[in-house]
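Below is run22.cif, which holds mmCIF, C-alpha atoms.
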```cif
data_input
#
loop_
_atom_site.label_atom_id
_atom_site.label_comp_id
_atom_site.auth_asym_id
_atom_site.auth_seq_id
_atom_site.Cartn_x
_atom_site.Cartn_y
_atom_site.Cartn_z
CA MET A 30 36.99 113.08 -73.61
CA ASN A 31 36.91 111.64 -77.14
CA LYS A 32 38.21 108.21 -78.04
CA GLU A 33 41.47 109.49 -79.52
CA SER A 34 42.46 111.55 -76.46
CA LYS A 35 41.32 108.78 -74.10
CA SER A 36 43.73 106.31 -75.65
CA SER A 37 46.64 108.73 -76.00
CA LEU A 38 48.09 107.68 -72.63
CA VAL A 39 48.75 104.18 -73.94
CA SER A 40 52.29 103.99 -75.30
CA ASN A 41 53.18 101.93 -78.37
CA ASP A 42 55.25 99.37 -76.48
CA LEU A 43 52.60 98.85 -73.77
CA GLY A 44 55.01 100.34 -71.25
CA HIS A 45 52.53 102.38 -69.21
CA THR A 46 54.33 104.84 -67.01
CA THR A 47 51.09 106.16 -65.52
CA ARG A 48 47.60 104.73 -65.46
CA SER A 49 44.77 106.63 -67.10
CA ALA A 50 42.08 108.10 -64.85
CA LEU A 51 39.65 105.45 -66.16
CA LEU A 52 41.91 102.54 -65.20
CA GLU A 53 42.54 104.12 -61.80
CA GLU A 54 38.80 104.43 -61.27
CA PHE A 55 38.25 100.83 -62.40
CA ARG A 56 40.87 99.55 -59.96
CA ASN A 57 39.68 101.64 -57.01
CA ASN A 58 35.92 102.01 -57.40
CA LYS A 59 34.51 98.64 -56.39
CA ASN A 60 30.93 99.93 -56.36
CA LYS A 61 30.68 100.79 -60.05
CA LYS A 62 29.80 97.93 -62.36
CA PHE A 63 31.87 98.23 -65.54
CA GLU A 64 30.99 96.79 -68.95
CA LEU A 65 33.21 96.42 -72.01
CA TYR A 66 31.76 99.49 -73.73
CA ASP A 67 32.72 101.56 -70.63
CA ILE A 68 36.40 100.99 -71.35
CA GLU A 69 36.25 101.63 -75.09
CA GLY A 70 39.40 103.47 -76.15
CA HIS A 71 41.33 101.92 -73.25
CA ILE A 72 41.17 98.24 -74.16
CA VAL A 73 44.92 97.88 -74.81
CA GLU A 74 45.79 99.60 -71.53
CA PHE A 75 43.32 97.42 -69.62
CA SER A 76 44.62 94.29 -71.36
CA SER A 77 48.12 94.89 -70.03
CA ASP A 78 46.94 95.58 -66.48
CA GLN A 79 46.51 92.65 -64.09
CA TYR A 80 42.95 93.53 -63.07
CA GLY A 81 41.93 95.02 -66.39
CA SER A 82 43.08 91.91 -68.24
CA ARG A 83 41.10 89.64 -65.92
CA PHE A 84 38.01 91.82 -66.42
CA ILE A 85 38.25 91.62 -70.22
CA GLN A 86 38.86 87.86 -70.12
CA GLN A 87 35.74 87.27 -68.03
CA LYS A 88 33.61 89.55 -70.21
CA LEU A 89 34.76 87.92 -73.46
CA GLU A 90 33.43 84.57 -72.29
CA VAL A 91 29.86 85.94 -72.38
CA ALA A 92 30.21 88.90 -74.76
CA SER A 93 28.03 89.46 -77.84
CA ASN A 94 29.74 89.50 -81.24
CA GLU A 95 29.33 93.27 -81.26
CA GLU A 96 31.15 93.62 -77.94
CA LYS A 97 33.88 91.23 -79.08
CA GLN A 98 34.39 93.35 -82.17
CA ILE A 99 34.80 96.52 -80.07
CA VAL A 100 37.59 94.82 -78.11
CA PHE A 101 39.11 93.19 -81.18
CA ASP A 102 39.34 96.40 -83.19
CA GLU A 103 41.43 98.00 -80.45
CA ILE A 104 43.75 95.12 -79.65
CA TYR A 105 44.39 94.04 -83.24
CA THR A 106 47.02 96.67 -84.05
CA LYS A 107 48.86 95.90 -80.80
CA ALA A 108 48.27 92.13 -80.93
CA LEU A 109 51.93 91.11 -81.27
CA GLN A 110 52.97 93.20 -78.27
CA LEU A 111 50.05 91.88 -76.22
CA MET A 112 50.99 88.29 -77.09
CA THR A 113 54.27 88.68 -75.20
CA ASP A 114 52.85 90.78 -72.37
CA VAL A 115 52.53 89.27 -68.89
CA PHE A 116 48.79 90.08 -68.73
CA GLY A 117 47.94 90.92 -72.33
CA ASN A 118 48.68 87.38 -73.56
CA TYR A 119 45.63 86.10 -71.69
CA VAL A 120 43.31 88.46 -73.60
CA ILE A 121 44.68 87.17 -76.92
CA GLN A 122 44.27 83.59 -75.69
CA LYS A 123 40.62 84.32 -74.85
CA PHE A 124 40.06 85.48 -78.43
CA PHE A 125 41.33 82.18 -79.75
CA GLU A 126 38.84 80.45 -77.44
CA TYR A 127 35.81 82.75 -77.70
CA GLY A 128 36.41 84.97 -80.73
CA THR A 129 34.55 84.66 -84.02
CA PRO A 130 36.15 82.48 -86.74
CA GLN A 131 37.19 85.66 -88.59
CA GLN A 132 38.83 87.12 -85.47
CA LYS A 133 40.76 83.89 -84.83
CA GLU A 134 41.90 83.81 -88.44
CA LYS A 135 43.04 87.45 -88.37
CA LEU A 136 44.96 86.99 -85.11
CA ALA A 137 46.71 83.88 -86.45
CA THR A 138 47.61 85.79 -89.62
CA LYS A 139 49.04 88.56 -87.43
CA MET A 140 51.47 85.99 -86.02
CA LYS A 141 52.90 85.28 -89.47
CA GLY A 142 56.67 85.63 -89.53
CA ASN A 143 56.83 85.76 -85.71
CA VAL A 144 55.97 82.18 -84.69
CA LEU A 145 59.55 81.22 -83.73
CA LYS A 146 60.08 84.38 -81.69
CA LEU A 147 56.72 83.91 -79.94
CA SER A 148 57.34 80.19 -79.31
CA LEU A 149 60.58 80.93 -77.49
CA GLN A 150 59.02 83.64 -75.31
CA MET A 151 57.48 82.93 -71.91
CA TYR A 152 54.04 84.38 -72.70
CA GLY A 153 54.08 84.18 -76.47
CA CYS A 154 54.46 80.39 -76.36
CA ARG A 155 51.10 80.16 -74.57
CA VAL A 156 49.42 82.16 -77.32
CA VAL A 157 50.93 79.95 -80.04
CA GLN A 158 49.67 76.85 -78.18
CA LYS A 159 46.18 78.32 -77.89
CA ALA A 160 46.17 79.25 -81.59
CA LEU A 161 47.14 75.66 -82.51
CA GLU A 162 44.16 74.43 -80.48
CA TYR A 163 41.54 76.68 -82.07
CA VAL A 164 42.44 77.62 -85.66
CA GLN A 165 41.64 75.61 -88.79
CA ILE A 166 44.01 72.92 -90.07
CA GLU A 167 45.44 75.07 -92.86
CA GLN A 168 46.41 77.82 -90.43
CA GLN A 169 47.71 75.28 -87.92
CA SER A 170 49.98 73.94 -90.64
CA ASN A 171 51.12 77.42 -91.73
CA LEU A 172 51.95 78.44 -88.15
CA ILE A 173 53.96 75.35 -87.28
CA ARG A 174 55.76 75.33 -90.64
CA GLU A 175 57.51 78.53 -89.56
CA LEU A 176 59.44 76.43 -87.04
CA ASP A 177 60.89 74.17 -89.74
CA GLY A 178 64.68 74.25 -89.35
CA ASN A 179 64.36 75.22 -85.68
CA ILE A 180 62.54 72.18 -84.27
CA LEU A 181 65.45 70.99 -82.12
CA LYS A 182 66.02 74.53 -80.86
CA CYS A 183 62.37 74.71 -79.79
CA ILE A 184 62.38 71.24 -78.22
CA LYS A 185 65.35 72.14 -76.03
CA ASP A 186 63.82 75.47 -75.00
CA GLN A 187 61.81 75.81 -71.77
CA ASN A 188 59.02 77.59 -73.67
CA GLY A 189 59.34 76.23 -77.18
CA ASN A 190 59.03 72.59 -76.16
CA HIS A 191 55.41 73.18 -75.13
CA VAL A 192 54.60 74.50 -78.62
CA ILE A 193 56.07 71.37 -80.25
CA GLN A 194 54.13 69.15 -77.83
CA LYS A 195 50.90 71.00 -78.63
CA ALA A 196 51.54 70.72 -82.38
CA ILE A 197 52.02 66.96 -82.07
CA GLU A 198 48.82 66.67 -80.00
CA LYS A 199 46.58 68.90 -82.14
CA ILE A 200 47.75 68.85 -85.77
CA PRO A 201 46.93 65.86 -88.03
CA THR A 202 50.05 63.69 -88.31
CA GLU A 203 50.43 64.11 -92.09
CA TYR A 204 51.16 67.83 -91.55
CA ILE A 205 53.96 67.35 -89.01
CA GLN A 206 56.23 64.81 -90.72
CA PHE A 207 58.97 67.48 -90.79
CA ILE A 208 58.89 67.51 -86.96
CA ILE A 209 59.31 63.71 -86.85
CA ASP A 210 62.12 63.86 -89.42
CA SER A 211 64.11 66.21 -87.20
CA PHE A 212 64.34 63.38 -84.61
CA ASN A 213 66.30 61.07 -86.92
CA ASN A 214 69.67 60.09 -85.37
CA LYS A 215 68.86 62.39 -82.43
CA MET A 216 66.69 60.10 -80.32
CA THR A 217 69.20 59.39 -77.55
CA GLU A 218 70.15 63.07 -77.36
CA LEU A 219 66.48 64.08 -77.08
CA ALA A 220 65.39 61.23 -74.79
CA THR A 221 68.06 62.28 -72.27
CA HIS A 222 67.01 65.94 -72.36
CA PRO A 223 64.59 67.35 -69.72
CA TYR A 224 62.23 68.72 -72.39
CA GLY A 225 63.10 66.34 -75.22
CA CYS A 226 61.95 63.34 -73.20
CA ARG A 227 58.47 64.88 -72.93
CA VAL A 228 58.25 65.63 -76.64
CA ILE A 229 59.22 62.05 -77.53
CA GLN A 230 56.43 60.74 -75.31
CA ARG A 231 53.91 62.94 -77.18
CA VAL A 232 55.20 61.56 -80.51
CA PHE A 233 54.65 57.97 -79.34
CA GLU A 234 51.17 58.89 -78.11
CA HIS A 235 49.88 60.72 -81.18
CA CYS A 236 51.85 59.71 -84.29
CA THR A 237 51.30 56.68 -86.50
CA GLU A 238 53.31 53.48 -86.09
CA GLU A 239 54.79 54.09 -89.53
CA GLN A 240 56.13 57.43 -88.29
CA THR A 241 57.40 56.16 -84.95
CA LYS A 242 58.93 52.83 -86.02
CA PRO A 243 62.33 54.27 -87.13
CA LEU A 244 62.48 56.33 -83.91
CA MET A 245 61.70 53.27 -81.79
CA MET A 246 64.42 51.25 -83.56
CA GLU A 247 66.91 53.98 -82.70
CA LEU A 248 65.89 53.89 -79.02
CA HIS A 249 66.18 50.11 -78.84
CA LYS A 250 69.88 50.38 -79.73
CA ASN A 251 70.52 52.28 -76.51
CA THR A 252 67.93 50.91 -74.09
CA ILE A 253 70.24 50.08 -71.19
CA ASN A 254 71.76 53.57 -71.09
CA LEU A 255 68.34 55.22 -71.37
CA ILE A 256 66.94 53.09 -68.54
CA GLN A 257 69.61 54.52 -66.24
CA ASP A 258 69.27 58.13 -67.38
CA GLN A 259 67.41 60.68 -65.24
CA TYR A 260 65.22 61.65 -68.23
CA GLY A 261 65.60 58.70 -70.58
CA ASN A 262 64.02 56.38 -68.02
CA TYR A 263 60.69 58.22 -68.47
CA VAL A 264 60.69 57.49 -72.21
CA ILE A 265 61.31 53.78 -71.56
CA GLN A 266 58.61 53.71 -68.86
CA HIS A 267 56.19 55.30 -71.33
CA ILE A 268 56.86 52.56 -73.91
CA LEU A 269 56.38 49.86 -71.25
CA GLU A 270 53.05 51.38 -70.24
CA LYS A 271 51.62 52.39 -73.62
CA GLY A 272 53.75 50.76 -76.33
CA ASN A 273 52.96 47.67 -78.39
CA VAL A 274 53.73 44.14 -77.18
CA LYS A 275 56.81 43.75 -79.40
CA ASP A 276 58.50 46.91 -78.12
CA LYS A 277 57.67 46.11 -74.48
CA SER A 278 59.08 42.62 -74.90
CA GLU A 279 62.31 43.90 -76.44
CA ILE A 280 62.92 46.22 -73.47
CA ILE A 281 62.09 43.54 -70.89
CA LYS A 282 64.49 41.06 -72.56
CA LYS A 283 67.32 43.57 -72.15
CA VAL A 284 66.62 43.86 -68.41
CA HIS A 285 66.77 40.07 -67.96
CA GLY A 286 70.17 39.14 -66.54
CA LYS A 287 70.68 42.69 -65.22
CA LEU A 288 67.82 42.81 -62.73
CA LEU A 289 69.88 43.22 -59.55
CA GLN A 290 72.09 45.95 -61.04
CA MET A 291 69.12 47.85 -62.51
CA SER A 292 66.94 47.51 -59.41
CA LYS A 293 69.61 49.15 -57.22
CA HIS A 294 69.82 52.15 -59.55
CA LYS A 295 67.85 55.29 -58.63
CA PHE A 296 66.28 55.78 -62.11
CA ALA A 297 66.48 52.28 -63.57
CA SER A 298 64.58 50.80 -60.60
CA ASN A 299 61.45 52.67 -61.73
CA VAL A 300 61.78 51.05 -65.16
CA VAL A 301 62.22 47.60 -63.59
CA GLU A 302 58.97 48.12 -61.67
CA LYS A 303 57.21 48.92 -64.96
CA CYS A 304 58.73 45.76 -66.48
CA VAL A 305 57.24 43.75 -63.63
CA ILE A 306 53.83 45.41 -63.97
CA ASN A 307 53.58 45.36 -67.77
CA GLY A 308 55.42 42.13 -68.55
CA THR A 309 53.80 38.73 -69.05
CA LYS A 310 53.49 36.07 -66.35
CA ASN A 311 56.52 34.34 -67.89
CA ASP A 312 58.53 37.58 -67.78
CA ARG A 313 57.76 37.92 -64.07
CA GLN A 314 58.75 34.29 -63.48
CA THR A 315 62.09 34.84 -65.25
CA PHE A 316 62.74 37.89 -63.03
CA ILE A 317 61.84 35.96 -59.87
CA ASN A 318 64.05 33.00 -60.84
CA GLU A 319 66.90 35.45 -61.44
CA ILE A 320 66.79 36.91 -57.93
CA ILE A 321 66.12 33.76 -55.89
CA GLN A 322 69.22 32.00 -57.25
CA ILE A 323 72.08 31.99 -54.76
CA LYS A 324 75.25 33.31 -56.43
CA SER A 325 78.57 31.43 -56.53
CA ASP A 326 79.89 33.66 -53.71
CA GLY A 327 76.95 32.60 -51.52
CA SER A 328 75.13 35.94 -51.73
CA SER A 329 71.39 36.19 -52.31
CA PRO A 330 70.28 38.79 -54.88
CA LEU A 331 66.85 38.80 -53.25
CA LEU A 332 68.30 39.66 -49.83
CA VAL A 333 70.52 42.38 -51.34
CA MET A 334 67.46 43.89 -53.05
CA ILE A 335 65.34 43.84 -49.91
CA LYS A 336 68.01 45.82 -48.03
CA ASP A 337 68.46 48.36 -50.84
CA GLN A 338 66.74 51.78 -50.81
CA TYR A 339 65.52 51.38 -54.42
CA ALA A 340 65.50 47.65 -55.12
CA ASN A 341 63.19 46.85 -52.19
CA TYR A 342 60.35 48.50 -54.12
CA VAL A 343 60.93 46.11 -57.03
CA VAL A 344 60.54 43.11 -54.68
CA GLN A 345 57.37 44.67 -53.23
CA LYS A 346 56.01 45.14 -56.76
CA MET A 347 56.75 41.49 -57.65
CA ILE A 348 54.76 40.35 -54.61
CA GLU A 349 51.98 42.81 -55.40
CA VAL A 350 51.41 41.85 -59.06
CA GLY A 351 52.62 38.24 -59.18
CA ASP A 352 50.11 35.38 -59.21
CA ASN A 353 49.62 33.23 -56.09
CA ASP A 354 52.37 30.75 -56.97
CA GLN A 355 54.86 33.54 -57.62
CA LYS A 356 53.98 35.29 -54.36
CA GLU A 357 54.40 32.05 -52.39
CA LEU A 358 57.73 31.32 -54.07
CA LEU A 359 59.09 34.76 -53.18
CA ILE A 360 57.76 34.67 -49.62
CA SER A 361 59.22 31.20 -49.05
CA HIS A 362 62.66 32.62 -49.92
CA ILE A 363 62.13 35.67 -47.71
CA LYS A 364 60.87 33.84 -44.58
CA PRO A 365 64.26 32.43 -43.45
CA HIS A 366 65.70 35.97 -43.41
CA ILE A 367 62.87 37.77 -41.58
CA GLN A 368 64.90 38.59 -38.45
CA THR A 369 67.81 39.97 -40.50
CA ILE A 370 65.49 41.98 -42.76
CA LYS A 371 63.78 43.62 -39.77
CA LYS A 372 67.05 45.36 -38.90
CA TYR A 373 67.03 47.34 -42.12
CA ASN A 374 64.91 50.43 -42.74
CA TYR A 375 63.97 49.38 -46.24
CA GLY A 376 63.27 45.81 -45.18
CA LYS A 377 60.54 47.01 -42.82
CA HIS A 378 58.35 48.16 -45.73
CA LEU A 379 58.46 44.68 -47.19
CA ILE A 380 57.79 42.96 -43.87
CA GLN A 381 54.61 45.05 -43.45
CA LYS A 382 53.50 44.03 -46.90
CA ILE A 383 53.97 40.29 -46.37
CA GLU A 384 53.30 40.09 -42.60
CA PRO A 385 49.92 38.36 -42.98
CA GLU A 386 51.47 35.74 -45.28
CA VAL A 387 54.57 35.20 -43.13
CA SER A 388 52.57 34.74 -39.95
CA LYS A 389 50.39 32.02 -41.49
CA PRO A 390 51.02 28.67 -39.78
CA LYS A 391 52.73 26.04 -41.91
CA LYS A 392 50.41 23.38 -43.25
#
```

Would you mind writing the structure in this file as structure tokens?
Amino acid sequence: MNKESKSSLVSNDLGHTTRSALLEEFRNNKNKKFELYDIEGHIVEFSSDQYGSRFIQQKLEVASNEEKQIVFDEIYTKALQLMTDVFGNYVIQKFFEYGTPQQKEKLATKMKGNVLKLSLQMYGCRVVQKALEYVQIEQQSNLIRELDGNILKCIKDQNGNHVIQKAIEKIPTEYIQFIIDSFNNKMTELATHPYGCRVIQRVFEHCTEEQTKPLMMELHKNTINLIQDQYGNYVIQHILEKGNVKDKSEIIKKVHGKLLQMSKHKFASNVVEKCVINGTKNDRQTFINEIIQIKSDGSSPLLVMIKDQYANYVVQKMIEVGDNDQKELLISHIKPHIQTIKKYNYGKHLIQKIEPEVSKPKK
């Protein structure tokens, strides 16, 4: 059978109604050792078959340039369809990893005019990400530029957000200013979005301080609301862990005076823990002083926190990371309430943590 008739069973849209005899043999004959040249004329069909795709992927990792070219010549005309195919996308991805520079360049050029459509598609978005990892800067820039005007749409999309994250990670910052600009006056909206919060974290990780400063200023205006948001809290935690001293300090100052309220909150309590871990010794002391003060109504914030399902972890964290004096101060305020605390589920965790200290004889 010549090459033309061999490939005639492969339909233009990759929708194979029946498998060719060769693919059937490949799938069923485990004794025969196939090579890439054995499937010449059937590469597209194999690429969109679960087992055929895996076979091509494995072979491309060790293939000669000649073998790569055989595969490339067949898939090139159907590259766009393969990019959005459940199995074919992996073959295209392998070319971005193991193809020759010319093959990578040609595949990226093939994507021209289709980057937005691919970025929003379940399999296509993986191909765009792989292309951004392996093509030259000029092509990276050309590919991502196609998304200009649709950045927010991509960020809020379950597939597109990964493309934006990859662009921020892999493309030199001077080429992605248009992505950063799309965040202006949208920071709260994006920080409280399930995908937007991830993209913002990538921006703070990879972009220059000059680029991120206006975005950070916007976040600082709404810190308290973000701390309590199911997604926004992750952005604030990220700043506390990886941000500069000034930004950390500004967040911590806003938590001062609200420690009890924030510690009892499901999402905010995680931020308070990060404040305790990443703050200065003085910050921790201010927090401790805030919770050991008895309120005018006679209630103890410390005792309320110990009994609470979320706040008890904040107290544990204070004991864990505080210096010796701070630990002793906290434990001295906990000791008189040991019997009461033992009655509460959440108090038991704390008791276990401080048991050795509590059982020490008084000097």

Name the residues in contact with A:Ile323 at a cut-off of 12 Å, using all atoms listed in the file, excluding same-chain residues fewer than 6 positions from it; report them as a list in words.
Ser329, Pro330, Leu331, Leu332, Val333 and His362 of chain A

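Compared by their closest atoms to A:Met216, and using all atoms listed in the file, the residues A:Glu238, A:Asp337, A:Asp258, A:Glu247 rank with A:Glu247 nearest.
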
Would you pick out the contacts of A:Ile253 at 9 Å or less, using only C-alpha atoms, so that residues sharing its chain but fewer than 5 positions from it are not included, and give the list as a PDB file with C-alpha atoms, keeping the file's coordinate frame?
```pdb
ATOM      1  CA  ASP A 258      69.270  58.130 -67.380  1.00  0.00           C
ATOM      2  CA  ILE A 280      62.920  46.220 -73.470  1.00  0.00           C
ATOM      3  CA  LYS A 283      67.320  43.570 -72.150  1.00  0.00           C
ATOM      4  CA  VAL A 284      66.620  43.860 -68.410  1.00  0.00           C
ATOM      5  CA  ALA A 297      66.480  52.280 -63.570  1.00  0.00           C
TER       6      ALA A 297
END
```

Could you name the residues that touch stretch 117-123 of chain A at 6 Å or less, counting only C-alpha atoms, but leaving out those on the same chain fewer than 3 positions away, as a CSV table (one decimal) with C-alpha atoms, in the coordinates of the input?
```csv
chain,number,residue,atom,x,y,z
A,76,SER,CA,44.6,94.3,-71.4
A,77,SER,CA,48.1,94.9,-70.0
A,86,GLN,CA,38.9,87.9,-70.1
A,111,LEU,CA,50.0,91.9,-76.2
A,112,MET,CA,51.0,88.3,-77.1
A,113,THR,CA,54.3,88.7,-75.2
A,114,ASP,CA,52.8,90.8,-72.4
A,126,GLU,CA,38.8,80.4,-77.4
A,127,TYR,CA,35.8,82.8,-77.7
A,156,VAL,CA,49.4,82.2,-77.3
```

Any chance you could work out the residue set of the PyMOL selection byres ((chain A and resi 107) around 10) here, as a ChimeraX atom specification?
/A:41-43,73,102-106,108-112,117,139

Of the listed residues A:Ile306, A:Met246, A:Val344, A:Ala160, that which approaches A:Leu288 most closely, counting only C-alpha atoms
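Among the listed residues, the smallest separation from A:Leu288 belongs to A:Val344.
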
Output, as JSON, the centre and edge lengths in Å (one decimal) of the axis-aligned box that contains all listed atoms of stretch 106-122 of chain A with 5 Å of margin on each side.
```
{"center_x": 48.8, "center_y": 90.1, "center_z": -76.4, "size_x": 21.0, "size_y": 23.1, "size_z": 25.3}
```

Counting all atoms listed in the file, which residue out of A:Lys336, A:Lys199, A:Ile320, A:Val343 sits closest to A:Lys303?
A:Val343

If we count only C-alpha atoms, what is near A:Met347 at a cut-off of 12 Å, once residues fewer than 5 positions away on the same chain are taken out, given as a ChimeraX atom specification?
/A:292,301-308,310,312-318,320,331,334-335,340-342,352-360,379,382-383

Residues as selected, C-alpha atoms, written as an mmCIF file, in the coordinates of the input, can you do that?
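Result saved to part28.cif:
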```cif
data_model
loop_
_atom_site.group_PDB
_atom_site.id
_atom_site.type_symbol
_atom_site.label_atom_id
_atom_site.label_comp_id
_atom_site.auth_asym_id
_atom_site.auth_seq_id
_atom_site.Cartn_x
_atom_site.Cartn_y
_atom_site.Cartn_z
ATOM 1 C CA SER A 292 66.940 47.510 -59.410
ATOM 2 C CA VAL A 301 62.220 47.600 -63.590
ATOM 3 C CA GLU A 302 58.970 48.120 -61.670
ATOM 4 C CA LYS A 303 57.210 48.920 -64.960
ATOM 5 C CA CYS A 304 58.730 45.760 -66.480
ATOM 6 C CA VAL A 305 57.240 43.750 -63.630
ATOM 7 C CA ILE A 306 53.830 45.410 -63.970
ATOM 8 C CA ASN A 307 53.580 45.360 -67.770
ATOM 9 C CA GLY A 308 55.420 42.130 -68.550
ATOM 10 C CA LYS A 310 53.490 36.070 -66.350
ATOM 11 C CA ASP A 312 58.530 37.580 -67.780
ATOM 12 C CA ARG A 313 57.760 37.920 -64.070
ATOM 13 C CA GLN A 314 58.750 34.290 -63.480
ATOM 14 C CA THR A 315 62.090 34.840 -65.250
ATOM 15 C CA PHE A 316 62.740 37.890 -63.030
ATOM 16 C CA ILE A 317 61.840 35.960 -59.870
ATOM 17 C CA ASN A 318 64.050 33.000 -60.840
ATOM 18 C CA ILE A 320 66.790 36.910 -57.930
ATOM 19 C CA LEU A 331 66.850 38.800 -53.250
ATOM 20 C CA MET A 334 67.460 43.890 -53.050
ATOM 21 C CA ILE A 335 65.340 43.840 -49.910
ATOM 22 C CA ALA A 340 65.500 47.650 -55.120
ATOM 23 C CA ASN A 341 63.190 46.850 -52.190
ATOM 24 C CA TYR A 342 60.350 48.500 -54.120
ATOM 25 C CA ASP A 352 50.110 35.380 -59.210
ATOM 26 C CA ASN A 353 49.620 33.230 -56.090
ATOM 27 C CA ASP A 354 52.370 30.750 -56.970
ATOM 28 C CA GLN A 355 54.860 33.540 -57.620
ATOM 29 C CA LYS A 356 53.980 35.290 -54.360
ATOM 30 C CA GLU A 357 54.400 32.050 -52.390
ATOM 31 C CA LEU A 358 57.730 31.320 -54.070
ATOM 32 C CA LEU A 359 59.090 34.760 -53.180
ATOM 33 C CA ILE A 360 57.760 34.670 -49.620
ATOM 34 C CA LEU A 379 58.460 44.680 -47.190
ATOM 35 C CA LYS A 382 53.500 44.030 -46.900
ATOM 36 C CA ILE A 383 53.970 40.290 -46.370
#
```

Closest of A:Lys277, A:Arg56, A:Lys364, A:Lys182 to A:Thr252 - atom-to-atom distances counting all atoms listed in the file
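Going through A:Lys277, A:Arg56, A:Lys364, A:Lys182 one by one, the smallest distance to A:Thr252 is for A:Lys277.
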
Between A:Lys133, A:Lys293, A:Lys62, A:His249, which residue has the minimum interatomic distance to A:Lys275, considering only C-alpha atoms?
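Closest candidate: A:His249.
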
So what do you get for atom CA of A:Gln79 versus atom CA of A:Phe116, distance-wise?
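Atom CA of A:Phe116 lies 5.8 Å from atom CA of A:Gln79.
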
With only C-alpha atoms as the basis for distance, which of A:Met151, A:Ile256, A:Ile85, A:Ile184 is at the shortest distance from A:His294?
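Among the listed residues, the smallest separation from A:His294 belongs to A:Ile256.
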